[in-house]
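Participant: So I've got this file, data_34.csv, and it contains CSV, C-alpha atoms:
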chain,number,residue,atom,x,y,z
A,511,MET,CA,-17.0,-17.7,-29.9
A,512,HIS,CA,-15.0,-16.8,-26.8
A,513,PRO,CA,-11.3,-16.3,-27.5
A,514,ARG,CA,-9.0,-17.3,-24.7
A,515,PRO,CA,-8.1,-14.5,-22.4
A,516,MET,CA,-4.6,-13.1,-22.9
A,517,SER,CA,-3.5,-12.5,-19.3
A,518,GLY,CA,0.2,-11.8,-19.4
A,519,ARG,CA,1.2,-14.6,-21.7
A,520,TRP,CA,3.5,-12.4,-23.7
A,521,THR,CA,5.7,-11.3,-20.9
A,522,ALA,CA,8.0,-14.3,-21.0
A,523,ALA,CA,8.4,-14.1,-24.8
A,524,ALA,CA,10.5,-11.0,-25.3
A,525,TYR,CA,11.6,-10.2,-28.9
A,526,THR,CA,15.4,-10.3,-28.8
A,527,CYS,CA,17.3,-9.6,-31.9
A,528,LEU,CA,20.6,-8.1,-33.0
A,529,MET,CA,21.0,-7.5,-36.7
A,530,VAL,CA,24.6,-7.1,-37.9
A,531,ALA,CA,25.5,-5.8,-41.4
A,532,LEU,CA,29.0,-6.5,-42.8
A,533,THR,CA,30.2,-4.7,-45.9
A,534,VAL,CA,33.3,-6.2,-47.3
A,535,ALA,CA,35.2,-4.2,-50.0
A,536,GLU,CA,37.4,-7.1,-51.1
A,537,PRO,CA,37.5,-10.8,-50.2
A,538,ALA,CA,38.1,-11.3,-46.5
A,539,VAL,CA,38.0,-13.8,-43.7
A,540,VAL,CA,36.0,-12.7,-40.6
A,541,SER,CA,35.6,-14.7,-37.4
A,542,LEU,CA,32.1,-14.7,-36.1
A,543,THR,CA,31.5,-15.5,-32.4
A,544,VAL,CA,27.8,-16.3,-31.7
A,545,HIS,CA,25.8,-18.1,-29.1
A,546,ASP,CA,23.1,-19.5,-31.3
A,547,HIS,CA,22.6,-20.9,-34.8
A,548,VAL,CA,23.0,-18.0,-37.2
A,549,GLN,CA,22.2,-17.6,-40.9
A,550,LEU,CA,24.3,-15.3,-43.0
A,551,ASP,CA,22.6,-13.6,-45.9
A,552,ARG,CA,24.2,-11.8,-48.8
A,553,VAL,CA,22.3,-8.7,-49.8
A,554,THR,CA,21.4,-8.6,-53.5
A,555,GLY,CA,19.8,-5.4,-54.6
A,556,THR,CA,16.6,-5.0,-52.6
A,557,SER,CA,16.6,-8.5,-51.4
A,558,ALA,CA,19.1,-11.1,-50.0
A,559,GLU,CA,20.0,-14.7,-50.5
A,560,ARG,CA,21.2,-17.3,-48.0
A,561,TYR,CA,25.0,-17.5,-47.9
A,562,GLY,CA,26.5,-20.8,-46.8
A,563,SER,CA,25.4,-23.1,-44.1
A,564,LEU,CA,24.1,-22.1,-40.6
A,565,VAL,CA,26.9,-20.8,-38.4
A,566,PRO,CA,26.9,-22.8,-35.2
A,567,PRO,CA,27.4,-21.5,-31.7
A,568,GLY,CA,31.1,-20.7,-31.1
A,569,THR,CA,33.7,-19.0,-33.2
A,570,THR,CA,33.7,-19.7,-36.9
A,571,PRO,CA,35.9,-18.2,-39.6
A,572,VAL,CA,33.8,-17.2,-42.6
A,573,HIS,CA,35.2,-16.4,-46.1
A,574,LEU,CA,33.4,-13.5,-47.7
A,575,ALA,CA,33.5,-12.2,-51.2
A,576,ALA,CA,33.1,-8.5,-51.7
A,577,GLY,CA,29.6,-7.4,-50.9
A,578,THR,CA,27.2,-6.7,-48.0
A,579,TYR,CA,26.0,-9.4,-45.6
A,580,VAL,CA,23.6,-9.5,-42.8
A,581,PHE,CA,23.0,-11.9,-39.9
A,582,ARG,CA,20.7,-11.8,-36.9
A,583,THR,CA,21.2,-13.4,-33.5
A,584,THR,CA,19.4,-13.7,-30.2
A,585,ALA,CA,22.5,-13.1,-28.1
A,586,ASP,CA,25.7,-11.0,-27.9
A,587,ALA,CA,28.0,-11.4,-30.9
A,588,GLN,CA,31.5,-10.6,-31.8
A,589,VAL,CA,33.1,-10.0,-35.2
A,590,GLN,CA,36.8,-10.3,-35.5
A,591,LEU,CA,38.2,-8.7,-38.7
A,592,GLY,CA,41.4,-10.0,-40.2
A,593,GLU,CA,44.4,-7.8,-40.4
A,594,GLY,CA,44.1,-5.3,-43.2
A,595,ALA,CA,40.5,-6.4,-43.9
A,596,HIS,CA,38.6,-3.7,-45.8
A,597,ALA,CA,35.3,-4.2,-44.0
A,598,HIS,CA,32.6,-2.2,-42.2
A,599,VAL,CA,30.6,-3.7,-39.5
A,600,LEU,CA,27.4,-2.2,-38.1
A,601,ALA,CA,24.7,-3.2,-35.6
A,602,ALA,CA,21.8,-2.6,-37.8
A,603,THR,CA,18.8,-3.5,-35.7
A,604,GLN,CA,17.8,0.1,-35.0
A,605,VAL,CA,18.9,1.3,-38.4
A,606,ASN,CA,16.3,-1.0,-40.0
A,607,GLY,CA,13.4,-0.1,-37.7
A,608,LYS,CA,10.3,1.1,-39.5
A,609,ASP,CA,10.3,4.4,-37.6
A,610,ASP,CA,13.9,5.3,-38.4
A,611,PRO,CA,14.7,8.5,-40.1
A,612,PRO,CA,15.7,8.4,-43.7
A,613,GLU,CA,19.2,9.8,-43.0
A,614,HIS,CA,20.2,6.3,-42.1
A,615,MET,CA,21.4,5.7,-45.6
A,616,MET,CA,22.7,2.2,-45.1
A,617,ALA,CA,19.2,1.1,-44.2
A,618,GLN,CA,18.2,1.6,-47.8
A,619,ALA,CA,20.3,-1.3,-48.8
A,620,LEU,CA,19.4,-3.7,-46.0
A,621,PRO,CA,16.3,-5.8,-45.6
A,622,ALA,CA,13.6,-4.6,-43.2
A,623,ALA,CA,11.4,-6.7,-40.9
A,624,MET,CA,7.8,-7.7,-41.8
A,625,GLY,CA,6.5,-6.3,-38.5
A,626,ASP,CA,5.9,-3.1,-36.7
A,627,SER,CA,8.0,-3.2,-33.6
A,628,PRO,CA,11.7,-2.9,-32.7
A,629,PRO,CA,13.1,-5.7,-30.5
A,630,ASP,CA,12.5,-5.5,-26.7
A,631,HIS,CA,16.1,-6.3,-26.2
A,632,VAL,CA,19.1,-5.8,-28.6
A,633,PRO,CA,22.1,-7.9,-27.7
A,634,THR,CA,25.6,-6.3,-27.9
A,635,LEU,CA,27.9,-6.4,-30.9
A,636,THR,CA,31.7,-6.3,-30.3
A,637,VAL,CA,33.9,-5.6,-33.3
A,638,LEU,CA,37.6,-6.5,-33.0
A,639,ARG,CA,40.2,-5.5,-35.5
B,416,MET,CA,-29.2,-37.9,-59.2
B,417,THR,CA,-29.8,-34.7,-57.2
B,418,ASN,CA,-27.0,-32.7,-55.8
B,419,VAL,CA,-26.2,-33.5,-52.2
B,420,ALA,CA,-24.5,-30.7,-50.3
B,421,GLY,CA,-21.2,-32.1,-48.9
B,422,PRO,CA,-18.0,-30.8,-47.5
B,423,ARG,CA,-16.0,-28.5,-49.6
B,424,SER,CA,-12.4,-27.5,-49.8
B,425,VAL,CA,-11.7,-23.8,-50.2
B,426,ALA,CA,-8.7,-21.5,-50.0
B,427,VAL,CA,-8.4,-17.8,-49.4
B,428,HIS,CA,-5.1,-16.1,-50.1
B,429,ILE,CA,-4.3,-12.6,-48.9
B,430,GLY,CA,-1.2,-10.8,-50.1
B,431,ALA,CA,-1.2,-7.3,-48.6
B,432,ASP,CA,1.7,-5.5,-50.3
B,433,ASP,CA,-0.1,-2.1,-50.8
B,434,LEU,CA,-0.8,-0.5,-47.5
B,435,ARG,CA,-2.6,2.8,-47.2
B,436,HIS,CA,-3.3,3.1,-43.5
B,437,PRO,CA,-1.2,6.1,-42.2
B,438,ARG,CA,0.5,3.9,-39.7
B,439,HIS,CA,1.6,1.3,-42.3
B,440,ALA,CA,2.1,3.3,-45.5
B,441,ALA,CA,5.6,4.5,-44.6
B,442,TRP,CA,6.9,0.9,-44.2
B,443,ALA,CA,8.8,-0.9,-46.8
B,444,ARG,CA,6.5,-2.5,-49.3
B,445,PRO,CA,6.4,-6.3,-48.7
B,446,LEU,CA,8.3,-7.9,-51.5
B,447,SER,CA,7.3,-11.6,-51.4
B,448,CYS,CA,3.5,-11.4,-51.2
B,449,ARG,CA,2.7,-12.2,-54.9
B,450,ASP,CA,5.3,-15.0,-55.0
B,451,THR,CA,3.9,-16.4,-51.8
B,452,VAL,CA,0.3,-16.3,-53.1
B,453,GLU,CA,1.3,-17.9,-56.3
B,454,ARG,CA,3.2,-20.7,-54.5
B,455,LEU,CA,0.5,-21.4,-52.0
B,456,ALA,CA,-2.3,-21.3,-54.6
B,457,ARG,CA,-0.2,-23.9,-56.5
B,458,LEU,CA,0.2,-26.0,-53.4
B,459,CYS,CA,-3.5,-25.9,-52.7
B,460,GLN,CA,-4.3,-26.8,-56.3
B,461,ALA,CA,-1.9,-29.8,-56.1
B,462,ALA,CA,-3.7,-30.8,-52.8
B,463,GLY,CA,-7.0,-30.9,-54.7
B,464,ILE,CA,-8.5,-27.6,-53.5
B,465,ARG,CA,-10.3,-26.3,-56.5
B,466,THR,CA,-12.1,-23.3,-55.1
B,467,GLN,CA,-9.6,-20.6,-54.4
B,468,GLN,CA,-9.6,-16.8,-54.3
B,469,ALA,CA,-6.7,-14.4,-53.9
B,470,MET,CA,-6.7,-10.8,-52.7
B,471,LEU,CA,-3.6,-8.8,-53.6
B,472,GLY,CA,-2.5,-5.2,-53.2
B,473,SER,CA,-5.4,-2.7,-53.0
B,474,ASP,CA,-7.9,-5.6,-53.2
B,475,ALA,CA,-6.7,-6.9,-49.8
B,476,THR,CA,-9.0,-4.6,-47.8
B,477,THR,CA,-10.4,-5.5,-44.4
B,478,GLY,CA,-13.9,-5.5,-45.8
B,479,ARG,CA,-13.1,-8.0,-48.6
B,480,ALA,CA,-11.0,-10.1,-46.4
B,481,ARG,CA,-13.7,-10.4,-43.7
B,482,ALA,CA,-16.3,-11.3,-46.3
B,483,ALA,CA,-14.1,-13.9,-47.9
B,484,ILE,CA,-13.0,-15.5,-44.7
B,485,GLU,CA,-16.4,-15.6,-43.1
B,486,GLY,CA,-18.1,-16.7,-46.4
B,487,SER,CA,-15.6,-19.4,-47.0
B,488,ALA,CA,-15.7,-20.6,-43.4
B,489,ALA,CA,-19.5,-20.9,-43.6
B,490,ALA,CA,-19.4,-22.5,-47.1
B,491,VAL,CA,-17.0,-25.4,-46.4
B,492,GLY,CA,-19.7,-27.2,-44.4
B,493,PRO,CA,-19.3,-30.1,-42.0
B,494,GLY,CA,-16.1,-32.0,-42.6
B,495,GLY,CA,-14.8,-29.3,-45.1
B,496,LEU,CA,-11.4,-27.7,-45.4
B,497,LEU,CA,-10.5,-24.0,-45.4
B,498,VAL,CA,-7.0,-22.9,-46.1
B,499,LEU,CA,-6.4,-19.2,-45.2
B,500,THR,CA,-3.0,-17.7,-46.1
B,501,PHE,CA,-1.6,-14.3,-45.3
B,502,SER,CA,1.5,-12.6,-46.5
B,503,GLY,CA,2.5,-9.1,-45.5
B,504,HIS,CA,3.3,-7.0,-42.5
B,505,SER,CA,1.9,-7.7,-39.0
B,506,GLU,CA,1.4,-5.8,-35.9
B,507,ARG,CA,2.8,-7.3,-32.8
B,508,PRO,CA,0.6,-8.2,-29.8
B,509,VAL,CA,0.6,-5.6,-27.1
B,510,PRO,CA,-0.2,-7.1,-23.7
B,511,GLY,CA,-3.4,-5.7,-22.3
B,512,GLU,CA,-4.3,-3.9,-25.5
B,513,HIS,CA,-4.6,-6.4,-28.4
B,514,ASP,CA,-3.4,-9.8,-29.6
B,515,GLY,CA,-1.8,-8.5,-32.8
B,516,GLY,CA,-3.0,-8.6,-36.3
B,517,TRP,CA,-2.4,-8.6,-40.0
B,518,CYS,CA,-1.8,-5.4,-41.9
B,519,LEU,CA,-4.3,-5.2,-44.8
B,520,HIS,CA,-4.6,-2.4,-47.4
B,521,ASP,CA,-6.8,-0.1,-45.3
B,522,ALA,CA,-6.1,-1.1,-41.7
B,523,ALA,CA,-5.0,-3.9,-39.5
B,524,GLN,CA,-7.2,-6.9,-39.0
B,525,ARG,CA,-6.8,-8.1,-35.4
B,526,HIS,CA,-6.4,-11.8,-34.9
B,527,VAL,CA,-9.4,-11.8,-32.6
B,528,GLU,CA,-11.5,-10.5,-35.5
B,529,THR,CA,-10.2,-13.2,-37.8
B,530,ALA,CA,-10.9,-15.8,-35.1
B,531,ALA,CA,-14.5,-14.7,-34.9
B,532,LEU,CA,-14.8,-15.0,-38.7
B,533,LEU,CA,-13.3,-18.5,-38.7
B,534,ALA,CA,-15.8,-19.5,-36.1
B,535,ALA,CA,-18.4,-19.6,-39.0
B,536,ALA,CA,-16.9,-23.0,-39.9
B,537,PRO,CA,-18.6,-26.0,-38.4
B,538,ALA,CA,-16.8,-27.7,-35.5
B,539,SER,CA,-16.2,-30.7,-37.7
B,540,ALA,CA,-14.4,-28.7,-40.4
B,541,ARG,CA,-10.7,-28.2,-40.6
B,542,ILE,CA,-8.9,-24.9,-41.0
B,543,VAL,CA,-5.3,-24.4,-42.0
B,544,VAL,CA,-3.8,-21.0,-41.6
B,545,ILE,CA,-0.5,-20.1,-43.2
B,546,ALA,CA,1.0,-17.0,-41.7
B,547,ASP,CA,4.0,-15.7,-43.7
B,548,THR,CA,4.8,-12.6,-41.7
B,549,CYS,CA,6.4,-11.3,-38.5
B,550,TYR,CA,5.2,-12.6,-35.1
B,551,ALA,CA,3.5,-15.2,-37.2
B,552,ALA,CA,2.6,-17.7,-34.5
B,553,ALA,CA,0.8,-15.0,-32.5
B,554,CYS,CA,-2.4,-15.8,-34.2
B,555,ALA,CA,-2.3,-19.4,-33.1
B,556,ALA,CA,-2.8,-18.4,-29.4
B,557,VAL,CA,-6.0,-16.6,-30.5
B,558,PHE,CA,-7.3,-19.3,-32.8
B,559,THR,CA,-7.4,-21.8,-30.0
B,560,GLY,CA,-11.0,-20.6,-29.5
B,561,VAL,CA,-12.1,-21.5,-33.0
B,562,PRO,CA,-14.5,-24.4,-33.0
B,563,ALA,CA,-13.1,-26.1,-36.1
B,564,THR,CA,-9.8,-28.0,-35.8
B,565,THR,CA,-7.3,-25.3,-36.7
B,566,VAL,CA,-3.7,-25.7,-37.6
B,567,VAL,CA,-1.4,-22.7,-37.9
B,568,LEU,CA,1.7,-22.9,-40.1
B,569,ALA,CA,3.8,-19.9,-39.0
B,570,ALA,CA,6.9,-18.5,-40.6
B,571,CYS,CA,8.3,-17.7,-37.1
B,572,ALA,CA,7.4,-17.5,-33.5
B,573,GLU,CA,5.2,-14.8,-31.9
B,574,ASN,CA,8.3,-13.0,-30.6
B,575,GLN,CA,10.3,-13.2,-33.9
B,576,ALA,CA,10.5,-11.2,-37.1
B,577,THR,CA,10.9,-12.3,-40.7
B,578,LEU,CA,12.9,-10.2,-43.2
B,579,ASN,CA,11.4,-8.6,-46.2
B,580,TYR,CA,12.9,-10.6,-49.1
B,581,GLN,CA,11.7,-11.2,-52.6
B,582,HIS,CA,10.9,-14.8,-51.8
B,583,SER,CA,9.9,-16.3,-48.5
B,584,GLU,CA,12.2,-19.1,-47.6
B,585,PHE,CA,9.5,-20.5,-45.3
B,586,VAL,CA,7.0,-20.8,-48.2
B,587,LYS,CA,9.5,-22.2,-50.6
B,588,ARG,CA,10.4,-24.9,-48.0
B,589,LEU,CA,6.7,-25.5,-47.3
B,590,GLU,CA,6.1,-26.1,-51.0
B,591,ARG,CA,9.1,-28.4,-51.3
B,592,LEU,CA,8.1,-30.5,-48.2
B,593,THR,CA,4.4,-30.9,-49.1
B,594,TYR,CA,3.9,-30.8,-52.9
B,595,PRO,CA,7.3,-30.6,-54.6
B,596,GLY,CA,6.8,-30.1,-58.3
B,597,GLY,CA,3.1,-30.3,-57.8
B,598,ARG,CA,3.1,-33.9,-56.6
B,599,ALA,CA,2.4,-35.0,-53.0
B,600,ASN,CA,5.5,-35.9,-51.0
B,601,PRO,CA,4.8,-39.4,-49.6
B,602,ASP,CA,6.9,-38.6,-46.5
B,603,CYS,CA,4.7,-35.7,-45.5
B,604,ARG,CA,2.2,-37.7,-43.5
B,605,SER,CA,1.5,-35.4,-40.6
B,606,TYR,CA,1.7,-31.9,-39.3
B,607,ALA,CA,4.1,-33.1,-36.7
B,608,TRP,CA,6.5,-34.3,-39.4
B,609,LEU,CA,6.0,-31.1,-41.3
B,610,ARG,CA,6.8,-29.1,-38.2
B,611,ARG,CA,10.0,-31.0,-37.6
B,612,GLU,CA,11.2,-30.5,-41.2
B,613,LEU,CA,10.2,-26.8,-41.3
B,614,ARG,CA,12.3,-26.1,-38.2
B,615,THR,CA,15.3,-28.2,-39.3
B,616,ASP,CA,18.4,-26.1,-40.2
B,617,THR,CA,16.8,-22.8,-39.4
B,618,PRO,CA,18.4,-19.9,-37.4
B,619,ASP,CA,17.3,-19.5,-33.8
B,620,VAL,CA,16.2,-15.9,-34.5
B,621,GLU,CA,13.6,-17.0,-37.0
B,622,ARG,CA,12.2,-20.5,-36.6
B,623,PRO,CA,8.9,-21.7,-38.2
B,624,ASP,CA,6.3,-23.4,-36.1
B,625,VAL,CA,3.2,-25.5,-36.6
B,626,ARG,CA,0.5,-25.3,-33.9
B,627,ALA,CA,-2.9,-26.8,-33.6
B,628,ASN,CA,-5.9,-26.0,-31.3
B,629,HIS,CA,-6.5,-29.8,-30.9
B,630,PRO,CA,-3.4,-32.0,-30.4
B,631,VAL,CA,-4.8,-34.8,-32.5
B,632,ALA,CA,-4.6,-32.5,-35.5
B,633,MET,CA,-0.8,-32.8,-35.5
B,634,ARG,CA,-1.3,-36.4,-36.7
B,635,GLN,CA,-3.4,-35.5,-39.7
B,636,ARG,CA,-2.0,-35.4,-43.2
B,637,PRO,CA,-1.3,-31.8,-44.2
B,638,PHE,CA,-3.8,-30.2,-46.6
B,639,ARG,CA,-5.9,-33.4,-47.0
B,640,PRO,CA,-8.9,-32.1,-48.9
B,641,ALA,CA,-12.5,-32.8,-47.9
B,642,PRO,CA,-14.1,-35.8,-49.6
B,643,GLN,CA,-15.6,-35.1,-53.0
B,644,ARG,CA,-19.2,-33.8,-53.2
B,645,GLN,CA,-21.6,-36.6,-54.1
B,646,ARG,CA,-23.6,-36.0,-57.2
Could you spell out this file's structure in structure tokens?

Facilitator:
Amino acid sequence: MHPRPMSGRWTAAAYTCLMVALTVAEPAVVSLTVHDHVQLDRVTGTSAERYGSLVPPGTTPVHLAAGTYVFRTTADAQVQLGEGAHAHVLAATQVNGKDDPPEHMMAQALPAAMGDSPPDHVPTLTVLR
Amino acid sequence: MTNVAGPRSVAVHIGADDLRHPRHAAWARPLSCRDTVERLARLCQAAGIRTQQAMLGSDATTGRARAAIEGSAAAVGPGGLLVLTFSGHSERPVPGEHDGGWCLHDAAQRHVETAALLAAAPASARIVVIADTCYAAACAAVFTGVPATTVVLAACAENQATLNYQHSEFVKRLERLTYPGGRANPDCRSYAWLRRELRTDTPDVERPDVRANHPVAMRQRPFRPAPQRQR
């Protein structure tokens, strides 16, 4: 068998991902501005479950109960916290990498990827209060 | 009547959730492997595939996986069906170095090695690979060289990652679309249909894919078993 040669076919397929973790101390409304279709997951122990419908491109207000949530996106994202919202927002892509040091405590509660490499490109997260 | 060797339907399931290679051992233990193997074994059973073997945890070594894949590929015979499933961590392809691979108990098994093992199947056989892992579709590019018609059902693209959850949303959806409750979904008539449905309502950062090394395969009914052996 002669597998097809692999000349440079991966160069156009960069792995681009920003993972955002939101920890909400009490029910809050946050506005997510994203450029692609995004799935919000609620972290439950060592795993997570899907939270609500897909968030479409644009700005969407999302009602969150107390807890920790994650979403991933392929482009820059903005999180606008409501006035007085008790929330913590973190760009978690690097925190969750397999080669990260254990002192990144939040990583213990967040899901990791099922692969070995960090993204080639990490989009930018902007947090507005 | 004497037995007449005919095509067979065989499934091999690999759930690599116990990694001992130094490069892999520090990673988070994959959480969904056993659930994925159970679901996919159930799916195959519902599809009429009676011969199945599963390798989990420390049993999922490169040696056992190679033997099972090559042996099963050779055993299906002309017109037979082999379903190969993998759940666990993956190594991403590195341009100029390797095409990526699946992380098994003792080491990574490169996709090019798996392709060589699958080549033991006759050209008239059909192979279905279910990759429930990161960079899942990467293997499809390598499996284009497999003589048998090969369809890859991938949890995400070659440049995407899946997250380590207790249950694989991709596998749950695959089960629901093909054999919900163990009964064939009459709407699931082709891999093209399955691809469309698997991708619907998924985030851009993690979108399943279905790829075939022969375009005509996309029109085939998913998991259609080989005709029964004649006796």

Participant: At a cut-off of 6 Å, list the chain A residues touching chain B, using all atoms listed in the file, as number ranges by chain.

Facilitator: A: 513, 523, 525, 547-549, 557, 583-584, 608, 621-626

Participant: Take the residues from that selection and put them in a file with C-alpha atoms, as a JSON list (two decimals), in the frame of the given file.

Facilitator:
[["chain", "number", "residue", "atom", "x", "y", "z"],
["A", 513, "PRO", "CA", -11.30, -16.30, -27.50],
["A", 523, "ALA", "CA", 8.40, -14.10, -24.80],
["A", 525, "TYR", "CA", 11.60, -10.20, -28.90],
["A", 547, "HIS", "CA", 22.60, -20.90, -34.80],
["A", 548, "VAL", "CA", 23.00, -18.00, -37.20],
["A", 549, "GLN", "CA", 22.20, -17.60, -40.90],
["A", 557, "SER", "CA", 16.60, -8.50, -51.40],
["A", 583, "THR", "CA", 21.20, -13.40, -33.50],
["A", 584, "THR", "CA", 19.40, -13.70, -30.20],
["A", 608, "LYS", "CA", 10.30, 1.10, -39.50],
["A", 621, "PRO", "CA", 16.30, -5.80, -45.60],
["A", 622, "ALA", "CA", 13.60, -4.60, -43.20],
["A", 623, "ALA", "CA", 11.40, -6.70, -40.90],
["A", 624, "MET", "CA", 7.80, -7.70, -41.80],
["A", 625, "GLY", "CA", 6.50, -6.30, -38.50],
["A", 626, "ASP", "CA", 5.90, -3.10, -36.70]]

Participant: So that I can check the surroundings of Ala480 (chain B), please list as a ChimeraX atom specification every protein, DNA and RNA residue that reaches within 9 Å of it, counting only C-alpha atoms and ignoring chain neighbours fewer than 2 positions away.

Facilitator: /B:427,429,470,474-478,482-485,519,524

Participant: Generate the output file for the selected residues, C-alpha atoms, as a JSON list (two decimals), in the frame of the given file.

Facilitator:
[["chain", "number", "residue", "atom", "x", "y", "z"],
["B", 427, "VAL", "CA", -8.40, -17.80, -49.40],
["B", 429, "ILE", "CA", -4.30, -12.60, -48.90],
["B", 470, "MET", "CA", -6.70, -10.80, -52.70],
["B", 474, "ASP", "CA", -7.90, -5.60, -53.20],
["B", 475, "ALA", "CA", -6.70, -6.90, -49.80],
["B", 476, "THR", "CA", -9.00, -4.60, -47.80],
["B", 477, "THR", "CA", -10.40, -5.50, -44.40],
["B", 478, "GLY", "CA", -13.90, -5.50, -45.80],
["B", 482, "ALA", "CA", -16.30, -11.30, -46.30],
["B", 483, "ALA", "CA", -14.10, -13.90, -47.90],
["B", 484, "ILE", "CA", -13.00, -15.50, -44.70],
["B", 485, "GLU", "CA", -16.40, -15.60, -43.10],
["B", 519, "LEU", "CA", -4.30, -5.20, -44.80],
["B", 524, "GLN", "CA", -7.20, -6.90, -39.00]]

Participant: Please provide the set of residues having any atom within 7 Å of Val540 (chain A), restricted to all atoms listed in the file, with same-chain residues fewer than 4 positions apart removed, written as a ChimeraX atom specification.

Facilitator: /A:571-573,589-592

Participant: Near Ala632 (chain B), within 12 Å and counting all atoms listed in the file, which residues show up once chain neighbours fewer than 5 positions away are dropped, as an MDAnalysis selection string?

Facilitator: chainID B and resid 539:543 563:567 604:608 625:627 637:639

Participant: Mind pulling up the distance from CA of Ser487 (chain B) to CA of Thr466 (chain B)?

Facilitator: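 It comes out at 9.6 Å.
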
Participant: Figure out the distance between CA of Gly597 (chain B) and CA of Ala461 (chain B), please, to one decimal in Å.

Facilitator: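 Separation between CA of Ala461 (chain B) and CA of Gly597 (chain B): 5.3 Å.
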
Participant: So that I can see what lies close to Cys459 (chain B), please list as a JSON list (two decimals) with C-alpha atoms, in the coordinates of the input the residues with an atom at most 9 Å from it, counting all atoms listed in the file and leaving out residues fewer than 2 positions away in the same chain.

Facilitator:
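What landed in selection.json:
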[["chain", "number", "residue", "atom", "x", "y", "z"],
["B", 425, "VAL", "CA", -11.70, -23.80, -50.20],
["B", 426, "ALA", "CA", -8.70, -21.50, -50.00],
["B", 454, "ARG", "CA", 3.20, -20.70, -54.50],
["B", 455, "LEU", "CA", 0.50, -21.40, -52.00],
["B", 456, "ALA", "CA", -2.30, -21.30, -54.60],
["B", 457, "ARG", "CA", -0.20, -23.90, -56.50],
["B", 461, "ALA", "CA", -1.90, -29.80, -56.10],
["B", 462, "ALA", "CA", -3.70, -30.80, -52.80],
["B", 463, "GLY", "CA", -7.00, -30.90, -54.70],
["B", 464, "ILE", "CA", -8.50, -27.60, -53.50],
["B", 465, "ARG", "CA", -10.30, -26.30, -56.50],
["B", 467, "GLN", "CA", -9.60, -20.60, -54.40],
["B", 498, "VAL", "CA", -7.00, -22.90, -46.10],
["B", 594, "TYR", "CA", 3.90, -30.80, -52.90],
["B", 638, "PHE", "CA", -3.80, -30.20, -46.60]]

Participant: Hey, can you check how far CA of Glu593 (chain A) sits from CA of Val534 (chain A)?

Facilitator: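 Straight-line distance from CA of Glu593 (chain A) to CA of Val534 (chain A) works out to 13.2 Å.
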
Participant: Given the choices A:Cys527, A:Leu532, A:Val632, A:Ala602, which gets closest to Gly577 (chain A) if the distance is worked out from only C-alpha atoms?

Facilitator: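 Closest to Gly577 (chain A) of all the choices is A:Leu532.
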
Participant: Write out as a list in words the residues lying within 8 Å of Asp624 (chain B), counting only C-alpha atoms and excluding same-chain residues fewer than 3 positions away.

Facilitator: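 After dropping sequence-adjacent residues, the list is Ala552, Val567, Leu568, Ala569, Ala570, Cys571, Ala572, Arg610, Leu613 and Arg614 of chain B.
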
Participant: Pick the closest to Ala469 (chain B) from B:Gly495, B:Gly486, B:Gly430, B:Pro437: which is it, counting all atoms listed in the file?

Facilitator: B:Gly430

Participant: Restricting the calculation to all atoms listed in the file, which member of A:Ala575, A:Leu550, A:Leu638, A:Ala597 is positioned closest to Met529 (chain A)?

Facilitator: A:Leu550
